[in-house]
Structures are given as structure tokens and as C-alpha cells.
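Shown here: data.txt, compact mmCIF, N, CA and C atoms.
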```txt
# COMPACT_ATOMS: atom_id res chain seq x y z
N MET O 1 56.88 -19.24 154.33
CA MET O 1 56.95 -19.49 155.75
C MET O 1 58.19 -20.31 156.09
N ALA O 2 58.57 -21.23 155.20
CA ALA O 2 59.71 -22.10 155.46
C ALA O 2 60.99 -21.29 155.69
N LYS O 3 61.24 -20.33 154.81
CA LYS O 3 62.45 -19.51 154.93
C LYS O 3 62.43 -18.70 156.22
N ARG O 4 61.27 -18.18 156.57
CA ARG O 4 61.15 -17.39 157.81
C ARG O 4 61.47 -18.24 159.03
N PHE O 5 60.95 -19.47 159.06
CA PHE O 5 61.22 -20.34 160.19
C PHE O 5 62.71 -20.66 160.29
N ILE O 6 63.34 -20.91 159.16
CA ILE O 6 64.77 -21.21 159.18
C ILE O 6 65.56 -20.00 159.66
N VAL O 7 65.21 -18.82 159.19
CA VAL O 7 65.91 -17.60 159.60
C VAL O 7 65.67 -17.31 161.09
N ILE O 8 64.41 -17.35 161.51
CA ILE O 8 64.09 -17.06 162.92
C ILE O 8 64.73 -18.11 163.82
N GLY O 9 64.66 -19.38 163.43
CA GLY O 9 65.29 -20.43 164.22
C GLY O 9 66.79 -20.24 164.33
N SER O 10 67.42 -19.84 163.24
CA SER O 10 68.86 -19.58 163.26
C SER O 10 69.21 -18.42 164.18
N ILE O 11 68.39 -17.38 164.14
CA ILE O 11 68.62 -16.22 165.02
C ILE O 11 68.41 -16.61 166.48
N LEU O 12 67.37 -17.39 166.76
CA LEU O 12 67.14 -17.86 168.13
C LEU O 12 68.30 -18.72 168.61
N GLY O 13 68.86 -19.55 167.72
CA GLY O 13 70.02 -20.35 168.08
C GLY O 13 71.23 -19.49 168.38
N LEU O 14 71.47 -18.50 167.54
CA LEU O 14 72.56 -17.55 167.76
C LEU O 14 72.41 -16.85 169.10
N LEU O 15 71.20 -16.37 169.37
CA LEU O 15 70.95 -15.68 170.63
C LEU O 15 71.10 -16.61 171.83
N SER O 16 70.73 -17.86 171.64
CA SER O 16 70.89 -18.83 172.73
C SER O 16 72.37 -18.99 173.10
N ILE O 17 73.22 -19.08 172.10
CA ILE O 17 74.66 -19.17 172.37
C ILE O 17 75.15 -17.89 173.04
N ALA O 18 74.71 -16.75 172.55
CA ALA O 18 75.13 -15.47 173.13
C ALA O 18 74.64 -15.35 174.57
N PHE O 19 73.38 -15.71 174.83
CA PHE O 19 72.85 -15.64 176.19
C PHE O 19 73.57 -16.62 177.11
N GLY O 20 73.88 -17.80 176.59
CA GLY O 20 74.60 -18.79 177.39
C GLY O 20 75.99 -18.29 177.77
N ALA O 21 76.69 -17.72 176.81
CA ALA O 21 78.03 -17.17 177.08
C ALA O 21 77.95 -16.00 178.06
N PHE O 22 76.96 -15.15 177.86
CA PHE O 22 76.76 -14.02 178.77
C PHE O 22 76.50 -14.53 180.19
N GLY O 23 75.68 -15.55 180.31
CA GLY O 23 75.38 -16.12 181.62
C GLY O 23 76.61 -16.72 182.27
N ALA O 24 77.39 -17.44 181.49
CA ALA O 24 78.57 -18.12 182.03
C ALA O 24 79.67 -17.14 182.42
N HIS O 25 79.80 -16.05 181.69
CA HIS O 25 80.92 -15.15 181.94
C HIS O 25 80.56 -13.89 182.71
N ALA O 26 79.35 -13.40 182.55
CA ALA O 26 79.00 -12.12 183.19
C ALA O 26 78.05 -12.27 184.36
N LEU O 27 77.24 -13.32 184.36
CA LEU O 27 76.20 -13.43 185.40
C LEU O 27 76.52 -14.39 186.52
N GLU O 28 77.40 -15.35 186.26
CA GLU O 28 77.62 -16.41 187.23
C GLU O 28 78.02 -15.90 188.61
N SER O 29 78.80 -14.84 188.66
CA SER O 29 79.23 -14.29 189.95
C SER O 29 78.20 -13.32 190.54
N ARG O 30 77.20 -12.94 189.75
CA ARG O 30 76.23 -11.94 190.19
C ARG O 30 74.87 -12.51 190.59
N LEU O 31 74.55 -13.70 190.07
CA LEU O 31 73.24 -14.30 190.37
C LEU O 31 73.39 -15.45 191.34
N SER O 32 72.34 -15.71 192.07
CA SER O 32 72.35 -16.87 192.97
C SER O 32 72.39 -18.15 192.14
N GLU O 33 72.69 -19.25 192.80
CA GLU O 33 72.73 -20.54 192.10
C GLU O 33 71.36 -20.88 191.51
N SER O 34 70.32 -20.60 192.26
CA SER O 34 68.96 -20.85 191.79
C SER O 34 68.63 -20.00 190.57
N ALA O 35 68.99 -18.73 190.61
CA ALA O 35 68.73 -17.84 189.47
C ALA O 35 69.53 -18.28 188.25
N MET O 36 70.75 -18.75 188.46
CA MET O 36 71.56 -19.25 187.33
C MET O 36 70.94 -20.49 186.72
N GLU O 37 70.40 -21.37 187.54
CA GLU O 37 69.74 -22.57 187.02
C GLU O 37 68.52 -22.19 186.19
N THR O 38 67.76 -21.22 186.68
CA THR O 38 66.59 -20.75 185.95
C THR O 38 67.01 -20.15 184.62
N TYR O 39 68.02 -19.32 184.64
CA TYR O 39 68.54 -18.69 183.42
C TYR O 39 69.01 -19.76 182.43
N HIS O 40 69.77 -20.73 182.93
CA HIS O 40 70.30 -21.81 182.09
C HIS O 40 69.16 -22.61 181.44
N THR O 41 68.10 -22.85 182.20
CA THR O 41 66.95 -23.58 181.64
C THR O 41 66.35 -22.80 180.47
N GLY O 42 66.24 -21.49 180.61
CA GLY O 42 65.73 -20.66 179.52
C GLY O 42 66.61 -20.77 178.28
N VAL O 43 67.93 -20.72 178.48
CA VAL O 43 68.87 -20.82 177.36
C VAL O 43 68.75 -22.19 176.68
N GLU O 44 68.70 -23.23 177.51
CA GLU O 44 68.64 -24.60 176.99
C GLU O 44 67.37 -24.83 176.15
N TYR O 45 66.23 -24.44 176.67
CA TYR O 45 64.98 -24.64 175.95
C TYR O 45 64.92 -23.75 174.71
N GLN O 46 65.51 -22.58 174.77
CA GLN O 46 65.56 -21.72 173.59
C GLN O 46 66.33 -22.42 172.47
N MET O 47 67.46 -23.04 172.81
CA MET O 47 68.25 -23.72 171.79
C MET O 47 67.50 -24.93 171.22
N TYR O 48 66.89 -25.72 172.08
CA TYR O 48 66.13 -26.88 171.59
C TYR O 48 65.08 -26.44 170.57
N HIS O 49 64.41 -25.36 170.88
CA HIS O 49 63.30 -24.94 170.02
C HIS O 49 63.76 -24.11 168.83
N ALA O 50 64.95 -23.55 168.91
CA ALA O 50 65.55 -22.94 167.72
C ALA O 50 65.83 -24.03 166.69
N ILE O 51 66.38 -25.15 167.15
CA ILE O 51 66.65 -26.28 166.26
C ILE O 51 65.33 -26.84 165.71
N ALA O 52 64.34 -26.96 166.57
CA ALA O 52 63.03 -27.46 166.13
C ALA O 52 62.42 -26.55 165.07
N LEU O 53 62.59 -25.26 165.23
CA LEU O 53 62.04 -24.30 164.27
C LEU O 53 62.75 -24.42 162.92
N VAL O 54 64.05 -24.60 162.94
CA VAL O 54 64.79 -24.82 161.69
C VAL O 54 64.30 -26.12 161.04
N LEU O 55 64.11 -27.15 161.84
CA LEU O 55 63.59 -28.42 161.31
C LEU O 55 62.21 -28.23 160.68
N ALA O 56 61.36 -27.48 161.35
CA ALA O 56 60.02 -27.20 160.79
C ALA O 56 60.15 -26.47 159.46
N GLY O 57 61.08 -25.54 159.38
CA GLY O 57 61.30 -24.82 158.13
C GLY O 57 61.79 -25.74 157.02
N ILE O 58 62.67 -26.65 157.36
CA ILE O 58 63.17 -27.60 156.36
C ILE O 58 62.04 -28.52 155.90
N LEU O 59 61.25 -29.01 156.84
CA LEU O 59 60.13 -29.87 156.46
C LEU O 59 59.11 -29.12 155.60
N ALA O 60 58.96 -27.84 155.85
CA ALA O 60 58.00 -27.04 155.09
C ALA O 60 58.40 -26.88 153.63
N THR O 61 59.65 -27.16 153.31
CA THR O 61 60.09 -27.06 151.91
C THR O 61 59.60 -28.24 151.08
N HIS O 62 59.12 -29.30 151.73
CA HIS O 62 58.58 -30.45 151.00
C HIS O 62 57.15 -30.14 150.58
N ALA O 63 56.86 -30.29 149.34
CA ALA O 63 55.55 -29.92 148.80
C ALA O 63 54.43 -30.84 149.27
N SER O 64 54.76 -32.05 149.70
CA SER O 64 53.71 -33.03 150.00
C SER O 64 53.24 -33.00 151.46
N ILE O 65 53.65 -32.01 152.21
CA ILE O 65 53.27 -32.00 153.63
C ILE O 65 52.07 -31.11 153.89
N ASP O 66 51.55 -31.25 155.08
CA ASP O 66 50.43 -30.42 155.52
C ASP O 66 50.99 -29.08 155.98
N GLU O 67 50.91 -28.09 155.11
CA GLU O 67 51.51 -26.78 155.39
C GLU O 67 50.91 -26.13 156.64
N ARG O 68 49.63 -26.31 156.86
CA ARG O 68 48.98 -25.70 158.01
C ARG O 68 49.58 -26.22 159.32
N ARG O 69 49.79 -27.50 159.41
CA ARG O 69 50.36 -28.08 160.64
C ARG O 69 51.80 -27.62 160.86
N ILE O 70 52.57 -27.55 159.81
CA ILE O 70 53.94 -27.06 159.93
C ILE O 70 53.93 -25.59 160.36
N ARG O 71 53.07 -24.80 159.76
CA ARG O 71 52.97 -23.38 160.12
C ARG O 71 52.60 -23.24 161.59
N LEU O 72 51.61 -24.00 162.05
CA LEU O 72 51.22 -23.95 163.46
C LEU O 72 52.36 -24.40 164.36
N SER O 73 53.06 -25.43 163.94
CA SER O 73 54.20 -25.91 164.72
C SER O 73 55.22 -24.80 164.93
N GLY O 74 55.61 -24.16 163.84
CA GLY O 74 56.61 -23.09 163.94
C GLY O 74 56.13 -21.91 164.77
N ILE O 75 54.89 -21.54 164.58
CA ILE O 75 54.33 -20.42 165.35
C ILE O 75 54.32 -20.74 166.84
N PHE O 76 53.91 -21.96 167.18
CA PHE O 76 53.90 -22.34 168.59
C PHE O 76 55.31 -22.43 169.17
N PHE O 77 56.29 -22.86 168.36
CA PHE O 77 57.67 -22.87 168.85
C PHE O 77 58.14 -21.44 169.17
N ILE O 78 57.83 -20.50 168.28
CA ILE O 78 58.25 -19.11 168.51
C ILE O 78 57.56 -18.54 169.74
N ILE O 79 56.26 -18.72 169.84
CA ILE O 79 55.52 -18.23 171.01
C ILE O 79 56.08 -18.87 172.28
N GLY O 80 56.36 -20.16 172.21
CA GLY O 80 56.90 -20.87 173.36
C GLY O 80 58.22 -20.32 173.84
N VAL O 81 59.12 -20.05 172.90
CA VAL O 81 60.42 -19.50 173.28
C VAL O 81 60.25 -18.12 173.92
N VAL O 82 59.43 -17.29 173.31
CA VAL O 82 59.23 -15.94 173.85
C VAL O 82 58.65 -16.01 175.26
N LEU O 83 57.60 -16.81 175.43
CA LEU O 83 56.94 -16.87 176.74
C LEU O 83 57.74 -17.66 177.77
N PHE O 84 58.22 -18.84 177.40
CA PHE O 84 58.92 -19.69 178.36
C PHE O 84 60.30 -19.14 178.69
N SER O 85 61.16 -19.08 177.68
CA SER O 85 62.52 -18.61 177.94
C SER O 85 62.52 -17.15 178.37
N GLY O 86 61.69 -16.34 177.72
CA GLY O 86 61.62 -14.92 178.11
C GLY O 86 61.23 -14.73 179.56
N SER O 87 60.25 -15.50 180.03
CA SER O 87 59.84 -15.35 181.43
C SER O 87 60.94 -15.85 182.38
N LEU O 88 61.65 -16.90 181.99
CA LEU O 88 62.74 -17.38 182.85
C LEU O 88 63.89 -16.37 182.90
N TYR O 89 64.17 -15.73 181.78
CA TYR O 89 65.20 -14.68 181.78
C TYR O 89 64.77 -13.54 182.70
N ALA O 90 63.51 -13.15 182.62
CA ALA O 90 63.00 -12.05 183.45
C ALA O 90 63.05 -12.42 184.93
N VAL O 91 62.65 -13.64 185.26
CA VAL O 91 62.68 -14.07 186.66
C VAL O 91 64.11 -14.06 187.19
N SER O 92 65.03 -14.62 186.43
CA SER O 92 66.40 -14.74 186.92
C SER O 92 67.15 -13.41 186.93
N LEU O 93 66.93 -12.58 185.93
CA LEU O 93 67.68 -11.32 185.84
C LEU O 93 67.07 -10.18 186.64
N LEU O 94 65.74 -10.14 186.67
CA LEU O 94 65.07 -9.03 187.35
C LEU O 94 64.62 -9.39 188.75
N GLY O 95 64.56 -10.68 189.04
CA GLY O 95 64.13 -11.13 190.35
C GLY O 95 62.65 -10.95 190.61
N ILE O 96 61.88 -10.76 189.56
CA ILE O 96 60.43 -10.57 189.71
C ILE O 96 59.77 -11.92 189.46
N SER O 97 59.42 -12.58 190.53
CA SER O 97 58.93 -13.95 190.42
C SER O 97 57.56 -14.06 189.74
N THR O 98 56.81 -12.97 189.69
CA THR O 98 55.49 -13.04 189.04
C THR O 98 55.60 -13.33 187.54
N PHE O 99 56.76 -13.06 186.94
CA PHE O 99 56.95 -13.42 185.54
C PHE O 99 56.90 -14.94 185.34
N GLY O 100 57.14 -15.68 186.41
CA GLY O 100 57.10 -17.13 186.35
C GLY O 100 55.73 -17.67 185.98
N ILE O 101 54.69 -16.88 186.19
CA ILE O 101 53.33 -17.29 185.83
C ILE O 101 53.21 -17.54 184.33
N VAL O 102 54.02 -16.86 183.54
CA VAL O 102 53.95 -16.95 182.09
C VAL O 102 54.59 -18.24 181.56
N ALA O 103 55.58 -18.78 182.27
CA ALA O 103 56.34 -19.93 181.78
C ALA O 103 55.47 -21.13 181.40
N PRO O 104 54.47 -21.52 182.19
CA PRO O 104 53.67 -22.68 181.78
C PRO O 104 52.95 -22.49 180.44
N PHE O 105 52.55 -21.25 180.13
CA PHE O 105 51.92 -20.99 178.84
C PHE O 105 52.93 -21.19 177.70
N GLY O 106 54.16 -20.77 177.96
CA GLY O 106 55.21 -21.00 176.97
C GLY O 106 55.52 -22.47 176.81
N GLY O 107 55.57 -23.19 177.91
CA GLY O 107 55.80 -24.63 177.85
C GLY O 107 54.70 -25.34 177.09
N PHE O 108 53.46 -24.93 177.34
CA PHE O 108 52.33 -25.52 176.63
C PHE O 108 52.42 -25.21 175.14
N SER O 109 52.82 -24.00 174.79
CA SER O 109 53.00 -23.64 173.38
C SER O 109 54.07 -24.51 172.73
N MET O 110 55.15 -24.77 173.46
CA MET O 110 56.20 -25.64 172.92
C MET O 110 55.66 -27.05 172.68
N MET O 111 54.87 -27.54 173.62
CA MET O 111 54.28 -28.88 173.45
C MET O 111 53.36 -28.92 172.24
N LEU O 112 52.58 -27.87 172.05
CA LEU O 112 51.71 -27.80 170.86
C LEU O 112 52.56 -27.79 169.58
N GLY O 113 53.67 -27.08 169.62
CA GLY O 113 54.57 -27.07 168.47
C GLY O 113 55.05 -28.47 168.12
N TRP O 114 55.44 -29.23 169.14
CA TRP O 114 55.89 -30.61 168.89
C TRP O 114 54.74 -31.48 168.40
N LEU O 115 53.56 -31.28 168.94
CA LEU O 115 52.40 -32.05 168.50
C LEU O 115 52.12 -31.81 167.02
N PHE O 116 52.07 -30.56 166.61
CA PHE O 116 51.80 -30.26 165.21
C PHE O 116 52.93 -30.73 164.29
N LEU O 117 54.17 -30.67 164.79
CA LEU O 117 55.29 -31.19 164.01
C LEU O 117 55.15 -32.70 163.81
N ALA O 118 54.76 -33.40 164.87
CA ALA O 118 54.55 -34.86 164.78
C ALA O 118 53.42 -35.19 163.81
N LEU O 119 52.34 -34.43 163.87
CA LEU O 119 51.22 -34.68 162.96
C LEU O 119 51.63 -34.45 161.50
N ALA O 120 52.42 -33.41 161.26
CA ALA O 120 52.89 -33.15 159.90
C ALA O 120 53.85 -34.25 159.45
N ALA O 121 54.73 -34.68 160.32
CA ALA O 121 55.69 -35.73 159.97
C ALA O 121 54.95 -37.04 159.70
N ARG O 122 53.92 -37.29 160.44
CA ARG O 122 53.10 -38.50 160.23
C ARG O 122 52.49 -38.49 158.82
N LYS O 123 52.04 -37.33 158.41
CA LYS O 123 51.46 -37.20 157.07
C LYS O 123 52.53 -37.41 156.00
N ILE O 124 53.74 -36.91 156.25
CA ILE O 124 54.84 -37.12 155.31
C ILE O 124 55.11 -38.62 155.17
N ALA O 125 55.16 -39.31 156.31
CA ALA O 125 55.42 -40.76 156.29
C ALA O 125 54.34 -41.52 155.53
N LYS O 126 53.10 -41.10 155.66
CA LYS O 126 52.00 -41.76 154.95
C LYS O 126 52.11 -41.57 153.45
N ASN O 127 52.62 -40.42 153.02
CA ASN O 127 52.71 -40.11 151.59
C ASN O 127 53.89 -40.78 150.91
N GLN O 128 54.77 -41.40 151.66
CA GLN O 128 55.96 -42.02 151.05
C GLN O 128 55.83 -43.50 150.98
```

Can you present the structure in this file as C-alpha cells?
Amino acid sequence: MAKRFIVIGSILGLLSIAFGAFGAHALESRLSESAMETYHTGVEYQMYHAIALVLAGILATHASIDERRIRLSGIFFIIGVVLFSGSLYAVSLLGISTFGIVAPFGGFSMMLGWLFLALAARKIAKNQ
């Protein structure tokens, strides 16, 4: 699971840079200011959680950690990016505001990811 998280996190980071560049160069003149802000928020949170996923993968390489919590952390980060950033991309690019209903579920998934990462890190600290 550790290698998968590092690979997926790296790909999400790469895509975040690509989406950010696409937004800055191709979309800025085509989308409203509000839509650009929404798009940018999706890119920003995708990058934060790409880094978090790589971190979860690195932590998972330590044998003394709670593997279940790390696994849940990474899974929730991935779900969060898909739901949160994906819905913001859909809202900003397609103009279909009903996709915005999905964003809070993605945000909650991201929060769960951080919670499980904190719990796993706490266990690491106790073991040292």
C-alpha cells in the first residue's frame, strides 16, 4: 500500500501542476473570476492532499506503525481529492452548480484522512 500511495500521490501532484498551468494559461480569459477561484481552490487542495498521500506512503514504510490507520488515511485522501477537487473542477468548467453538493463529502473525507494520519503518527511517537 505504501508504494501505491506514493505513486498515486505523485501523479495527483503532477496533475495538480498541469491543471494549475492549464487554468492560468487557457482558462483565465474564458472563465469568470468566481469560476477561476473555484477552479484554483480545487487545484490547491489537490496539491495539499497529493503531498499528504506521499507522506502517508512514506510513513507506511515504517514497520512499527498502525497500518490500518495509514491505509484509511490514504484512502480518505484519495476519495477526498476525487470528490472535492473533482466537483470544483466540474462546477467551474461545466457551470453545473449541482456538482457543488459533492464537495462537502470530499472535504469531510480529507478531514478523515488527516485524522487517521494524526492517529497513526501518534502511535509512531509512542513507540519511540

* To do: Report the distance between CA of Tyr39 in chain O and CA of Leu88 in chain O in Å, rounded to one decimal place.
  => 6.0 Å

* **Shortest interatomic distance to Lys123 in chain O - which of O:Met36, O:Ile70, O:Leu53, O:Met47, counting only C-alpha atoms** => O:Ile70

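Residues within 9 Å of Gln46 in chain O, counting only C-alpha atoms and excluding same-chain residues fewer than 6 positions away, are Leu12, Gly13, Leu15, Ser16, Gly80, Val81, Val82, Phe84 and Ser85 of chain O.
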
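With distances taken over only N, CA and C atoms, O:Ile101 is the one residue among O:Ala35, O:Ile96, O:Ala52, O:Ile101 lying closest to Leu83 in chain O.
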
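Here atom N of Gly100 in chain O stands at a distance of 5.5 Å from atom C of Ser87 in chain O.
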
* Asked: Just how far from atom N of His49 in chain O is CA of Leu31 in chain O, in Å to one decimal?
  -> 24.1 Å

* Gly23 in chain O surroundings by only C-alpha atoms, 12 Å radius, close-in-sequence under 5 positions cut, as a list in words -> Leu15, Ser16, Ile17, Ala18, Glu28, Ser29, Arg30, Leu31, Ser32, Glu33, Ala35, Met36, Glu37, Thr38, Tyr39, His40, Thr41, Gly42, Val43, Glu44, Tyr89, Ser92 and Leu93 of chain O

Write out, as a CSV table (one decimal), in the coordinates of the input, the residues just selected, with N, CA and C atoms.
```csv
chain,number,residue,atom,x,y,z
O,15,LEU,N,71.2,-16.4,169.4
O,15,LEU,CA,71.0,-15.7,170.6
O,15,LEU,C,71.1,-16.6,171.8
O,16,SER,N,70.7,-17.9,171.6
O,16,SER,CA,70.9,-18.8,172.7
O,16,SER,C,72.4,-19.0,173.1
O,17,ILE,N,73.2,-19.1,172.1
O,17,ILE,CA,74.7,-19.2,172.4
O,17,ILE,C,75.2,-17.9,173.0
O,18,ALA,N,74.7,-16.8,172.6
O,18,ALA,CA,75.1,-15.5,173.1
O,18,ALA,C,74.6,-15.4,174.6
O,28,GLU,N,77.4,-15.4,186.3
O,28,GLU,CA,77.6,-16.4,187.2
O,28,GLU,C,78.0,-15.9,188.6
O,29,SER,N,78.8,-14.8,188.7
O,29,SER,CA,79.2,-14.3,190.0
O,29,SER,C,78.2,-13.3,190.5
O,30,ARG,N,77.2,-12.9,189.8
O,30,ARG,CA,76.2,-11.9,190.2
O,30,ARG,C,74.9,-12.5,190.6
O,31,LEU,N,74.6,-13.7,190.1
O,31,LEU,CA,73.2,-14.3,190.4
O,31,LEU,C,73.4,-15.4,191.3
O,32,SER,N,72.3,-15.7,192.1
O,32,SER,CA,72.4,-16.9,193.0
O,32,SER,C,72.4,-18.2,192.1
O,33,GLU,N,72.7,-19.2,192.8
O,33,GLU,CA,72.7,-20.5,192.1
O,33,GLU,C,71.4,-20.9,191.5
O,35,ALA,N,69.0,-18.7,190.6
O,35,ALA,CA,68.7,-17.8,189.5
O,35,ALA,C,69.5,-18.3,188.2
O,36,MET,N,70.8,-18.8,188.5
O,36,MET,CA,71.6,-19.2,187.3
O,36,MET,C,70.9,-20.5,186.7
O,37,GLU,N,70.4,-21.4,187.5
O,37,GLU,CA,69.7,-22.6,187.0
O,37,GLU,C,68.5,-22.2,186.2
O,38,THR,N,67.8,-21.2,186.7
O,38,THR,CA,66.6,-20.8,186.0
O,38,THR,C,67.0,-20.2,184.6
O,39,TYR,N,68.0,-19.3,184.6
O,39,TYR,CA,68.5,-18.7,183.4
O,39,TYR,C,69.0,-19.8,182.4
O,40,HIS,N,69.8,-20.7,182.9
O,40,HIS,CA,70.3,-21.8,182.1
O,40,HIS,C,69.2,-22.6,181.4
O,41,THR,N,68.1,-22.8,182.2
O,41,THR,CA,67.0,-23.6,181.6
O,41,THR,C,66.4,-22.8,180.5
O,42,GLY,N,66.2,-21.5,180.6
O,42,GLY,CA,65.7,-20.7,179.5
O,42,GLY,C,66.6,-20.8,178.3
O,43,VAL,N,67.9,-20.7,178.5
O,43,VAL,CA,68.9,-20.8,177.4
O,43,VAL,C,68.8,-22.2,176.7
O,44,GLU,N,68.7,-23.2,177.5
O,44,GLU,CA,68.6,-24.6,177.0
O,44,GLU,C,67.4,-24.8,176.2
O,89,TYR,N,64.2,-15.7,181.8
O,89,TYR,CA,65.2,-14.7,181.8
O,89,TYR,C,64.8,-13.5,182.7
O,92,SER,N,65.0,-14.6,186.4
O,92,SER,CA,66.4,-14.7,186.9
O,92,SER,C,67.2,-13.4,186.9
O,93,LEU,N,66.9,-12.6,185.9
O,93,LEU,CA,67.7,-11.3,185.8
O,93,LEU,C,67.1,-10.2,186.6
```

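You can rank O:Thr61, O:Ser34, O:Ser10, O:Ser73 by their closest distance to Leu112 in chain O using only N, CA and C atoms, and at the top of that list sits O:Ser73.
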
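The nearest approach to Ala50 in chain O among the residues O:Phe5, O:Phe108, O:Trp114, O:Phe22, with all atoms listed in the file taken into account, belongs to O:Phe5.
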